[in-house]
Amino acid sequence: MTAFIPYKDAPELSGDAAASFAMSVDVEDYFQVWAFSSVISPDSWDGFPLRVGESTQRVLELFDRHGAKGTFFVLGWVAERAPWLVREIASRGHEVASHGYGHAKVFDQSPGAFREDARRAKALLEDLSGAPVIGYRAPGFSIDRRSPWAYEILASLGYLYSSSAHPIAHDHYGDPRGPRAPHFPIKGAGFIEAPVATCEFFGRRVSCAGGGWFRAAPYRASRALLTRATRDLGGPAIFYFHPWEIDPAQPRIRSAPLKSRMRHYFNLAGAERKLERLLEDFVWGRIDRALATGALRAAA
């Protein structure tokens with residue numbers, strides 16, 4: 001049996017609330033990605049030139065040109081070093097949400113360490129944005145079957161939703177049997193997990209959520225799959241990307257494994273134009289507002 005339940009705890013709605021497509025941006029820099037974590041430790045991050053401010057500013061200008069709103073999952077480490085960026089995101093009407101503080105995968109942390117990381121990021125972002133931070137996205141989509149305890153911790157800290165699941169088969173994350181639609185992972189509680197967009201296609205579950213998948217796929221295929229996803233999911237089709245994906249001039253990390261470099265650098269030069277087409281073809285809103293008006297599918 002399927003029940004459709006509105007999400008009532010989101011902020012007051014505005015013009016983008018009815019969007020079936022929710023845009024999200026994971027605000028981290030090129031040297032912080034998990035593809036390079038085997039050769040770059042967090043202790044060395046301050047030794048790299050910070051480019052995330054400039055690339056995120058380009059994202060904001062791109063959204064403005066197309067009248068798009070989105071949710072920006074900001075890494076706490078970045079917020080400390082570029083506080084102006086958090087204020088700029090909020091001032092343009094976008095949702096400021098949490099990407100944690102130190103970009104550690106949830107399933108690699110103890111519950112206590114995870115709680116402190118999520119708490120620290122939330123407090124910092126609320127102080128800088130002047131608004132409640134209710135959304136969370138785990139680095140590397142790392143809330144899965146290994147870390148279901150994370151949801152109760154997030155709810156206890158005052159988060160109202162997570163968009164931390166990418167329910168596909170992947171070598172770093174994911175659960176191909178996990179729910180594809182927004183759902184309530186804590187029994188008896190209103191906390192929501194809103195996975196990024198996927199489709200069932202010829203008997204296989206495929207991603208249409210963005211990231212490297214979007215850079216690699218033909219644009220028409222991405223558009224068709226996203227259209228199908230918003231019909232199937234009973235909630236918003238959530239797309240994501242990173243500011244470094246529209247920064248083809250970023251320094252190359254030549255010490256990283258070949259597979260990691262191929263994933264990270266593939267089609268950076270063409271990503272911005274593809275993203276612009278996506279903004280032209282669909283109406284994009286914030287995750288909090290899309291969840292507030294969308295019908296949420298929950299197993300009853």
# chains A, B, ... in the order shown; residues from 1 in each chain; ligands from 1
>>> closest_atom_pairs(of="range 188-264 of chain A", to="range 60-73 of chain A", cutoff="12 Å", atoms="only C-alpha atoms", output="JSON lines")
{"residue": "A:Ile238", "atom": "CA", "partner": "A:Thr71", "partner_atom": "CA", "distance": 10.0}
{"residue": "A:Phe239", "atom": "CA", "partner": "A:Gly70", "partner_atom": "CA", "distance": 9.7}
{"residue": "A:Tyr240", "atom": "CA", "partner": "A:Thr71", "partner_atom": "CA", "distance": 9.2}
{"residue": "A:Phe241", "atom": "CA", "partner": "A:Phe72", "partner_atom": "CA", "distance": 9.9}
{"residue": "A:His242", "atom": "CA", "partner": "A:Phe72", "partner_atom": "CA", "distance": 9.6}
{"residue": "A:Pro243", "atom": "CA", "partner": "A:Leu60", "partner_atom": "CA", "distance": 10.0}
{"residue": "A:Ile246", "atom": "CA", "partner": "A:Leu62", "partner_atom": "CA", "distance": 10.9}
>>> residues_around(residues="Leu226 in chain A", least_positions_apart="2", cutoff="8 Å", atoms="only C-alpha atoms", output="count of residues only")
12
>>> atom_distance(atom1="CA of Asp117 in chain A", atom2="CA of Ser156 in chain A")
13.6 Å
>>> select_by_dssp(residues="range 119-215 of chain A", states="strand (DSSP E)", output="number ranges by chain")
A: 135-136, 161-162, 192-193, 198-201, 204-207
>>> closest_residue(among="A:Leu75, A:Asp43, A:Trp284, A:Ala118", to="Asp29 in chain A", atoms="only C-alpha atoms")
A:Leu75
>>> select_by_dssp(residues="range 95-244 of chain A", states="alpha helix (DSSP H)", output="VMD selection string")
chain A and resid 111 to 129 150 to 156 211 to 216 219 to 232
>>> atom_distance(atom1="CA of Arg119 in chain A", atom2="CA of Leu157 in chain A")
6.6 Å
>>> residues_around(residues="Phe191 in chain A", least_positions_apart="4", cutoff="7 Å", atoms="only C-alpha atoms", output="PDB file with N, CA and C atoms, in the first residue's frame")
ATOM      1  N   ALA A 155      18.369  14.034  12.718  1.00  0.00           N
ATOM      2  CA  ALA A 155      17.094  14.524  13.244  1.00  0.00           C
ATOM      3  C   ALA A 155      17.262  15.133  14.625  1.00  0.00           C
ATOM      4  N   LEU A 160      15.852  18.539   9.067  1.00  0.00           N
ATOM      5  CA  LEU A 160      14.534  18.012   8.717  1.00  0.00           C
ATOM      6  C   LEU A 160      14.569  17.046   7.537  1.00  0.00           C
ATOM      7  N   TYR A 161      15.617  17.141   6.731  1.00  0.00           N
ATOM      8  CA  TYR A 161      15.720  16.197   5.618  1.00  0.00           C
ATOM      9  C   TYR A 161      17.179  15.961   5.260  1.00  0.00           C
ATOM     10  N   PHE A 184      10.534   8.209   4.568  1.00  0.00           N
ATOM     11  CA  PHE A 184      10.815   8.488   5.974  1.00  0.00           C
ATOM     12  C   PHE A 184      11.660   7.347   6.551  1.00  0.00           C
ATOM     13  N   ILE A 186      13.143   7.005   9.463  1.00  0.00           N
ATOM     14  CA  ILE A 186      13.020   6.783  10.901  1.00  0.00           C
ATOM     15  C   ILE A 186      11.561   6.479  11.205  1.00  0.00           C
TER      16      ILE A 186
END
>>> residues_around(residues="Pro257 in chain A", least_positions_apart="2", cutoff="10 Å", atoms="only C-alpha atoms", output="PyMOL selection string")
chain A and resi 35-36+38-39+253-255+259-262
